[in-house]
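my_file_3.cif, holding mmCIF, N, CA and C atoms:
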```cif
data_query
loop_
_atom_site.label_atom_id
_atom_site.label_comp_id
_atom_site.auth_asym_id
_atom_site.auth_seq_id
_atom_site.Cartn_x
_atom_site.Cartn_y
_atom_site.Cartn_z
N MET G 184 0.84 -1.17 0.00
CA MET G 184 0.00 0.00 0.00
C MET G 184 0.89 1.24 0.00
N ILE G 185 0.58 2.17 -0.86
CA ILE G 185 1.35 3.40 -0.94
C ILE G 185 0.48 4.56 -0.48
N LEU G 186 0.94 5.27 0.54
CA LEU G 186 0.28 6.49 1.00
C LEU G 186 0.91 7.67 0.28
N GLU G 187 0.09 8.44 -0.40
CA GLU G 187 0.59 9.56 -1.17
C GLU G 187 0.63 10.82 -0.30
N LEU G 188 1.83 11.39 -0.15
CA LEU G 188 2.04 12.57 0.69
C LEU G 188 2.87 13.60 -0.04
N ASN G 189 2.61 14.87 0.24
CA ASN G 189 3.55 15.90 -0.19
C ASN G 189 4.41 16.27 1.01
N HIS G 190 5.32 17.21 0.83
CA HIS G 190 6.27 17.56 1.90
C HIS G 190 5.56 18.06 3.15
N HIS G 191 4.59 18.95 2.99
CA HIS G 191 3.89 19.51 4.15
C HIS G 191 3.10 18.44 4.90
N GLN G 192 2.48 17.55 4.17
CA GLN G 192 1.74 16.47 4.80
C GLN G 192 2.67 15.53 5.56
N ALA G 193 3.82 15.23 4.96
CA ALA G 193 4.79 14.35 5.62
C ALA G 193 5.32 14.99 6.90
N GLU G 194 5.62 16.29 6.84
CA GLU G 194 6.08 17.00 8.04
C GLU G 194 5.00 17.01 9.12
N ALA G 195 3.76 17.25 8.73
CA ALA G 195 2.66 17.27 9.69
C ALA G 195 2.47 15.90 10.34
N LEU G 196 2.58 14.85 9.54
CA LEU G 196 2.44 13.50 10.07
C LEU G 196 3.58 13.17 11.03
N LYS G 197 4.78 13.57 10.68
CA LYS G 197 5.93 13.35 11.57
C LYS G 197 5.74 14.08 12.89
N HIS G 198 5.28 15.34 12.81
CA HIS G 198 5.04 16.13 14.02
C HIS G 198 3.98 15.46 14.89
N LEU G 199 2.92 14.94 14.27
CA LEU G 199 1.87 14.25 15.00
C LEU G 199 2.41 13.01 15.71
N PHE G 200 3.23 12.24 15.01
CA PHE G 200 3.84 11.07 15.64
C PHE G 200 4.69 11.48 16.84
N GLU G 201 5.49 12.52 16.69
CA GLU G 201 6.41 12.92 17.75
C GLU G 201 5.69 13.49 18.97
N LYS G 202 4.60 14.19 18.77
CA LYS G 202 3.92 14.87 19.87
C LYS G 202 2.76 14.08 20.47
N VAL G 203 2.12 13.22 19.68
CA VAL G 203 0.92 12.54 20.16
C VAL G 203 1.07 11.02 20.18
N VAL G 204 1.44 10.43 19.05
CA VAL G 204 1.41 8.97 18.93
C VAL G 204 2.53 8.31 19.72
N ASN G 205 3.77 8.71 19.47
CA ASN G 205 4.90 8.05 20.12
C ASN G 205 4.91 8.18 21.65
N PRO G 206 4.61 9.38 22.22
CA PRO G 206 4.67 9.49 23.68
C PRO G 206 3.53 8.79 24.43
N ALA G 207 2.41 8.57 23.77
CA ALA G 207 1.25 7.97 24.45
C ALA G 207 1.52 6.50 24.78
N LEU G 208 1.27 6.16 26.02
CA LEU G 208 1.44 4.77 26.44
C LEU G 208 0.24 3.95 25.98
N PRO G 209 0.48 2.73 25.48
CA PRO G 209 -0.64 1.89 25.04
C PRO G 209 -1.51 1.50 26.23
N GLU G 210 -2.82 1.45 25.96
CA GLU G 210 -3.78 1.11 27.01
C GLU G 210 -3.88 -0.38 27.26
N ASP G 211 -3.57 -1.18 26.24
CA ASP G 211 -3.67 -2.63 26.38
C ASP G 211 -2.74 -3.30 25.38
N VAL G 212 -2.76 -4.61 25.35
CA VAL G 212 -1.86 -5.37 24.49
C VAL G 212 -2.17 -5.11 23.01
N ALA G 213 -3.44 -4.99 22.66
CA ALA G 213 -3.82 -4.76 21.26
C ALA G 213 -3.26 -3.42 20.78
N GLU G 214 -3.39 -2.39 21.59
CA GLU G 214 -2.85 -1.08 21.20
C GLU G 214 -1.33 -1.11 21.16
N SER G 215 -0.72 -1.88 22.03
CA SER G 215 0.73 -2.03 22.02
C SER G 215 1.20 -2.63 20.70
N LEU G 216 0.47 -3.62 20.20
CA LEU G 216 0.79 -4.23 18.91
C LEU G 216 0.65 -3.20 17.79
N LEU G 217 -0.41 -2.41 17.80
CA LEU G 217 -0.60 -1.37 16.80
C LEU G 217 0.55 -0.37 16.83
N LYS G 218 0.94 0.04 18.03
CA LYS G 218 2.00 1.03 18.14
C LYS G 218 3.35 0.47 17.69
N ASP G 219 3.58 -0.82 17.88
CA ASP G 219 4.80 -1.44 17.36
C ASP G 219 4.85 -1.33 15.84
N LEU G 220 3.73 -1.58 15.19
CA LEU G 220 3.67 -1.46 13.74
C LEU G 220 3.75 0.00 13.30
N LEU G 221 3.16 0.90 14.06
CA LEU G 221 3.21 2.32 13.72
C LEU G 221 4.62 2.89 13.86
N ARG G 222 5.43 2.31 14.74
CA ARG G 222 6.83 2.75 14.83
C ARG G 222 7.57 2.50 13.51
N ASN G 223 7.22 1.41 12.83
CA ASN G 223 7.81 1.15 11.52
C ASN G 223 7.40 2.23 10.52
N VAL G 224 6.14 2.64 10.57
CA VAL G 224 5.65 3.70 9.68
C VAL G 224 6.41 4.99 9.98
N TYR G 225 6.58 5.29 11.26
CA TYR G 225 7.30 6.50 11.66
C TYR G 225 8.75 6.48 11.15
N ARG G 226 9.41 5.34 11.26
CA ARG G 226 10.79 5.22 10.77
C ARG G 226 10.86 5.45 9.26
N LYS G 227 9.93 4.89 8.53
CA LYS G 227 9.89 5.09 7.08
C LYS G 227 9.66 6.56 6.73
N LEU G 228 8.78 7.20 7.48
CA LEU G 228 8.50 8.61 7.26
C LEU G 228 9.74 9.46 7.53
N CYS G 229 10.43 9.18 8.61
CA CYS G 229 11.66 9.92 8.94
C CYS G 229 12.72 9.73 7.86
N THR G 230 12.84 8.53 7.35
CA THR G 230 13.80 8.25 6.29
C THR G 230 13.49 9.07 5.05
N LYS G 231 12.21 9.14 4.68
CA LYS G 231 11.81 9.94 3.52
C LYS G 231 12.13 11.41 3.73
N LEU G 232 11.83 11.92 4.91
CA LEU G 232 12.07 13.34 5.18
C LEU G 232 13.55 13.67 5.26
N GLU G 233 14.33 12.77 5.81
CA GLU G 233 15.78 13.00 5.90
C GLU G 233 16.43 13.00 4.53
N ALA G 234 15.87 12.26 3.59
CA ALA G 234 16.42 12.20 2.23
C ALA G 234 16.15 13.49 1.46
N ARG G 235 15.25 14.32 2.00
CA ARG G 235 14.89 15.60 1.37
C ARG G 235 14.54 15.42 -0.10
N ARG G 236 13.61 14.55 -0.33
CA ARG G 236 13.17 14.24 -1.70
C ARG G 236 12.53 15.47 -2.32
N GLN G 237 12.79 15.65 -3.58
CA GLN G 237 12.28 16.84 -4.26
C GLN G 237 10.86 16.63 -4.78
N TYR G 238 10.50 15.41 -5.13
CA TYR G 238 9.24 15.21 -5.84
C TYR G 238 8.15 14.52 -5.03
N GLY G 239 8.50 13.77 -4.04
CA GLY G 239 7.43 13.08 -3.34
C GLY G 239 7.87 12.43 -2.06
N TYR G 240 6.91 12.22 -1.21
CA TYR G 240 7.16 11.62 0.09
C TYR G 240 6.24 10.43 0.31
N ASN G 241 5.89 9.74 -0.76
CA ASN G 241 5.00 8.60 -0.65
C ASN G 241 5.61 7.52 0.23
N LEU G 242 4.76 6.94 1.07
CA LEU G 242 5.20 5.88 1.97
C LEU G 242 4.65 4.55 1.49
N THR G 243 5.53 3.59 1.34
CA THR G 243 5.12 2.24 0.99
C THR G 243 4.99 1.44 2.29
N LEU G 244 3.78 1.01 2.57
CA LEU G 244 3.51 0.27 3.81
C LEU G 244 3.18 -1.18 3.50
N THR G 245 3.58 -2.05 4.40
CA THR G 245 3.14 -3.44 4.30
C THR G 245 1.65 -3.48 4.62
N ASP G 246 1.01 -4.59 4.33
CA ASP G 246 -0.41 -4.71 4.67
C ASP G 246 -0.64 -4.55 6.17
N LEU G 247 0.23 -5.14 6.97
CA LEU G 247 0.08 -5.03 8.42
C LEU G 247 0.24 -3.58 8.89
N GLU G 248 1.22 -2.87 8.36
CA GLU G 248 1.42 -1.47 8.74
C GLU G 248 0.22 -0.62 8.31
N GLY G 249 -0.27 -0.83 7.10
CA GLY G 249 -1.42 -0.09 6.61
C GLY G 249 -2.67 -0.34 7.45
N LYS G 250 -2.90 -1.58 7.78
CA LYS G 250 -4.06 -1.93 8.60
C LYS G 250 -3.93 -1.37 10.02
N ALA G 251 -2.72 -1.42 10.57
CA ALA G 251 -2.49 -0.85 11.91
C ALA G 251 -2.73 0.65 11.89
N PHE G 252 -2.25 1.34 10.87
CA PHE G 252 -2.47 2.79 10.73
C PHE G 252 -3.97 3.07 10.68
N TYR G 253 -4.67 2.30 9.87
CA TYR G 253 -6.12 2.48 9.72
C TYR G 253 -6.85 2.27 11.05
N VAL G 254 -6.57 1.17 11.71
CA VAL G 254 -7.26 0.86 12.96
C VAL G 254 -6.93 1.90 14.03
N TYR G 255 -5.67 2.26 14.15
CA TYR G 255 -5.26 3.21 15.19
C TYR G 255 -5.94 4.57 15.00
N PHE G 256 -5.93 5.08 13.79
CA PHE G 256 -6.40 6.45 13.58
C PHE G 256 -7.91 6.56 13.34
N THR G 257 -8.60 5.47 13.01
CA THR G 257 -10.05 5.58 12.85
C THR G 257 -10.75 5.81 14.18
N GLU G 258 -10.13 5.43 15.25
CA GLU G 258 -10.74 5.57 16.57
C GLU G 258 -10.30 6.82 17.31
N ARG G 259 -9.53 7.70 16.67
CA ARG G 259 -8.99 8.86 17.38
C ARG G 259 -9.32 10.16 16.67
N LEU G 260 -9.83 11.10 17.44
CA LEU G 260 -9.99 12.46 16.96
C LEU G 260 -8.94 13.29 17.69
N LEU G 261 -8.21 14.08 16.94
CA LEU G 261 -7.06 14.78 17.51
C LEU G 261 -7.40 16.07 18.21
N GLY G 262 -8.54 16.66 17.97
CA GLY G 262 -8.94 17.88 18.64
C GLY G 262 -8.66 19.12 17.81
N SER G 263 -9.06 20.26 18.33
CA SER G 263 -9.02 21.51 17.57
C SER G 263 -7.61 22.02 17.31
N GLY G 264 -6.63 21.65 18.09
CA GLY G 264 -5.26 22.11 17.87
C GLY G 264 -4.54 21.37 16.76
N TRP G 265 -5.18 20.38 16.21
CA TRP G 265 -4.54 19.52 15.21
C TRP G 265 -5.37 19.43 13.93
N LEU G 266 -5.96 20.53 13.49
CA LEU G 266 -6.87 20.49 12.34
C LEU G 266 -6.19 20.03 11.05
N TYR G 267 -5.02 20.59 10.75
CA TYR G 267 -4.34 20.18 9.51
C TYR G 267 -3.95 18.72 9.58
N GLU G 268 -3.40 18.31 10.72
CA GLU G 268 -2.99 16.92 10.88
C GLU G 268 -4.19 15.98 10.78
N GLN G 269 -5.33 16.40 11.35
CA GLN G 269 -6.54 15.57 11.26
C GLN G 269 -6.99 15.44 9.81
N ASN G 270 -6.88 16.52 9.04
CA ASN G 270 -7.24 16.44 7.62
C ASN G 270 -6.30 15.51 6.86
N VAL G 271 -5.01 15.56 7.18
CA VAL G 271 -4.04 14.65 6.55
C VAL G 271 -4.41 13.21 6.88
N ILE G 272 -4.67 12.94 8.15
CA ILE G 272 -5.04 11.58 8.59
C ILE G 272 -6.32 11.14 7.88
N ASP G 273 -7.32 12.01 7.82
CA ASP G 273 -8.58 11.65 7.17
C ASP G 273 -8.36 11.29 5.70
N ASN G 274 -7.51 12.05 5.01
CA ASN G 274 -7.22 11.75 3.60
C ASN G 274 -6.49 10.41 3.46
N LEU G 275 -5.58 10.14 4.37
CA LEU G 275 -4.87 8.86 4.33
C LEU G 275 -5.81 7.70 4.64
N LEU G 276 -6.75 7.92 5.57
CA LEU G 276 -7.72 6.88 5.89
C LEU G 276 -8.60 6.56 4.69
N VAL G 277 -8.92 7.56 3.88
CA VAL G 277 -9.70 7.32 2.66
C VAL G 277 -8.90 6.42 1.72
N GLN G 278 -7.60 6.73 1.57
CA GLN G 278 -6.75 5.89 0.71
C GLN G 278 -6.73 4.45 1.22
N LEU G 279 -6.58 4.30 2.53
CA LEU G 279 -6.52 2.96 3.11
C LEU G 279 -7.87 2.25 3.02
N ASP G 280 -8.95 3.00 3.20
CA ASP G 280 -10.28 2.41 3.12
C ASP G 280 -10.54 1.87 1.73
N ILE G 281 -10.10 2.58 0.71
CA ILE G 281 -10.25 2.11 -0.67
C ILE G 281 -9.48 0.80 -0.87
N ALA G 282 -8.29 0.74 -0.29
CA ALA G 282 -7.45 -0.43 -0.47
C ALA G 282 -7.94 -1.65 0.30
N TYR G 283 -8.46 -1.43 1.50
CA TYR G 283 -8.77 -2.57 2.37
C TYR G 283 -10.26 -2.85 2.56
N ALA G 284 -11.11 -1.94 2.10
CA ALA G 284 -12.56 -2.16 2.34
C ALA G 284 -13.15 -3.08 1.30
#
```
Can the structure in the file be given as structure tokens, please?
Amino acid sequence: MILELNHHQAEALKHLFEKVVNPALPEDVAESLLKDLLRNVYRKLCTKLEARRQYGYNLTLTDLEGKAFYVYFTERLLGSGWLYEQNVIDNLLVQLDIAYA
């Protein structure tokens, strides 16, 4: 599964991971498993951003990573301070929903 991102979207997603997703402790074993898979997504995102790609920041996810991203973020609303990030997540969820629904 390929998530299509531009530079601003990739930066926003990285910021969201650093401030919200990564620091939050998992509530149970199922969420711990999701967060383990999301760490792989975060690493891939950081690699893309560090490479300073000129044309695109698309992320290639395994099926497990894509499904973990979908499950984790469909149950979370980020609140009013994260409007752009929420829009990025919503757009990515549409891409994932098309692929997995």
Item to check | Chain and number of each residue from the PyMOL selection byres (((chain G and resi 241 and name CA) around 12) and name CA), as a PyMOL selection string | outcome: chain G and resi 184-193+224+227-232+236-240+242-244+275
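Atom to atom, CA of Leu208 in chain G and CA of Glu233 in chain G stand 26.4 Å apart.
Considering all atoms listed in the file, the residue among G:Glu258, G:Tyr253, G:Glu248, G:Ala195 positioned nearest to Asp219 in chain G is G:Glu248.
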Next on the checklist: What does the structure give for the distance between atom C of Pro209 in chain G and atom N of Ala284 in chain G, in Å to one decimal?
Outcome noted: 26.2 Å
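Nearest-residue note for Thr245 in chain G: choosing from G:Glu210, G:Leu199, G:Ala282, G:Ile272, the minimum distance belongs to G:Ala282, counting only C-alpha atoms.
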Item to check | DSSP alpha helix (DSSP H) residues within chain G, listed as a PyMOL selection string | outcome: chain G and resi 190-199+212-233+246-257+266-283
Item to check | Sphere at (-4.9, 14.8, 12.2), radius 12 Å, counting only C-alpha atoms: residues as an MDAnalysis selection string | outcome: chainID G and resid 192:200 202:204 255:276
Dump of N, CA and C atoms for the selected residues, as a compact mmCIF listing (two decimals), in the frame of the given file:
```txt
# COMPACT_ATOMS: atom_id res chain seq x y z
N GLN G 192 2.48 17.55 4.17
CA GLN G 192 1.74 16.47 4.80
C GLN G 192 2.67 15.53 5.56
N ALA G 193 3.82 15.23 4.96
CA ALA G 193 4.79 14.35 5.62
C ALA G 193 5.32 14.99 6.90
N GLU G 194 5.62 16.29 6.84
CA GLU G 194 6.08 17.00 8.04
C GLU G 194 5.00 17.01 9.12
N ALA G 195 3.76 17.25 8.73
CA ALA G 195 2.66 17.27 9.69
C ALA G 195 2.47 15.90 10.34
N LEU G 196 2.58 14.85 9.54
CA LEU G 196 2.44 13.50 10.07
C LEU G 196 3.58 13.17 11.03
N LYS G 197 4.78 13.57 10.68
CA LYS G 197 5.93 13.35 11.57
C LYS G 197 5.74 14.08 12.89
N HIS G 198 5.28 15.34 12.81
CA HIS G 198 5.04 16.13 14.02
C HIS G 198 3.98 15.46 14.89
N LEU G 199 2.92 14.94 14.27
CA LEU G 199 1.87 14.25 15.00
C LEU G 199 2.41 13.01 15.71
N PHE G 200 3.23 12.24 15.01
CA PHE G 200 3.84 11.07 15.64
C PHE G 200 4.69 11.48 16.84
N LYS G 202 4.60 14.19 18.77
CA LYS G 202 3.92 14.87 19.87
C LYS G 202 2.76 14.08 20.47
N VAL G 203 2.12 13.22 19.68
CA VAL G 203 0.92 12.54 20.16
C VAL G 203 1.07 11.02 20.18
N VAL G 204 1.44 10.43 19.05
CA VAL G 204 1.41 8.97 18.93
C VAL G 204 2.53 8.31 19.72
N TYR G 255 -5.67 2.26 14.15
CA TYR G 255 -5.26 3.21 15.19
C TYR G 255 -5.94 4.57 15.00
N PHE G 256 -5.93 5.08 13.79
CA PHE G 256 -6.40 6.45 13.58
C PHE G 256 -7.91 6.56 13.34
N THR G 257 -8.60 5.47 13.01
CA THR G 257 -10.05 5.58 12.85
C THR G 257 -10.75 5.81 14.18
N GLU G 258 -10.13 5.43 15.25
CA GLU G 258 -10.74 5.57 16.57
C GLU G 258 -10.30 6.82 17.31
N ARG G 259 -9.53 7.70 16.67
CA ARG G 259 -8.99 8.86 17.38
C ARG G 259 -9.32 10.16 16.67
N LEU G 260 -9.83 11.10 17.44
CA LEU G 260 -9.99 12.46 16.96
C LEU G 260 -8.94 13.29 17.69
N LEU G 261 -8.21 14.08 16.94
CA LEU G 261 -7.06 14.78 17.51
C LEU G 261 -7.40 16.07 18.21
N GLY G 262 -8.54 16.66 17.97
CA GLY G 262 -8.94 17.88 18.64
C GLY G 262 -8.66 19.12 17.81
N SER G 263 -9.06 20.26 18.33
CA SER G 263 -9.02 21.51 17.57
C SER G 263 -7.61 22.02 17.31
N GLY G 264 -6.63 21.65 18.09
CA GLY G 264 -5.26 22.11 17.87
C GLY G 264 -4.54 21.37 16.76
N TRP G 265 -5.18 20.38 16.21
CA TRP G 265 -4.54 19.52 15.21
C TRP G 265 -5.37 19.43 13.93
N LEU G 266 -5.96 20.53 13.49
CA LEU G 266 -6.87 20.49 12.34
C LEU G 266 -6.19 20.03 11.05
N TYR G 267 -5.02 20.59 10.75
CA TYR G 267 -4.34 20.18 9.51
C TYR G 267 -3.95 18.72 9.58
N GLU G 268 -3.40 18.31 10.72
CA GLU G 268 -2.99 16.92 10.88
C GLU G 268 -4.19 15.98 10.78
N GLN G 269 -5.33 16.40 11.35
CA GLN G 269 -6.54 15.57 11.26
C GLN G 269 -6.99 15.44 9.81
N ASN G 270 -6.88 16.52 9.04
CA ASN G 270 -7.24 16.44 7.62
C ASN G 270 -6.30 15.51 6.86
N VAL G 271 -5.01 15.56 7.18
CA VAL G 271 -4.04 14.65 6.55
C VAL G 271 -4.41 13.21 6.88
N ILE G 272 -4.67 12.94 8.15
CA ILE G 272 -5.04 11.58 8.59
C ILE G 272 -6.32 11.14 7.88
N ASP G 273 -7.32 12.01 7.82
CA ASP G 273 -8.58 11.65 7.17
C ASP G 273 -8.36 11.29 5.70
N ASN G 274 -7.51 12.05 5.01
CA ASN G 274 -7.22 11.75 3.60
C ASN G 274 -6.49 10.41 3.46
N LEU G 275 -5.58 10.14 4.37
CA LEU G 275 -4.87 8.86 4.33
C LEU G 275 -5.81 7.70 4.64
N LEU G 276 -6.75 7.92 5.57
CA LEU G 276 -7.72 6.88 5.89
C LEU G 276 -8.60 6.56 4.69
```
Take every atom of range 260-267 of chain G listed in the file, pad by 3 Å on each side, and give me the axis-aligned box centre and edge lengths in Å, one decimal, as lines of an AutoDock Vina configuration file.
```
center_x = -7.0
center_y = 16.6
center_z = 14.1
size_x = 12.0
size_y = 17.0
size_z = 15.1
```
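For the pair atom N of Glu214 in chain G and CA of Asp246 in chain G, the separation is 17.3 Å.
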Checklist outcome for this item: If you count only N, CA and C atoms, the residue of G:Ile281, G:Ala213, G:Leu220, G:Ala207 closest to Gly249 in chain G turns out to be G:Leu220
Checklist entry - Taking the backbone alone, and naming residues the way the document does, which bits of chain G are strand (DSSP E) by DSSP, as a PyMOL selection string? => result chain G and resi 185-186+242-243
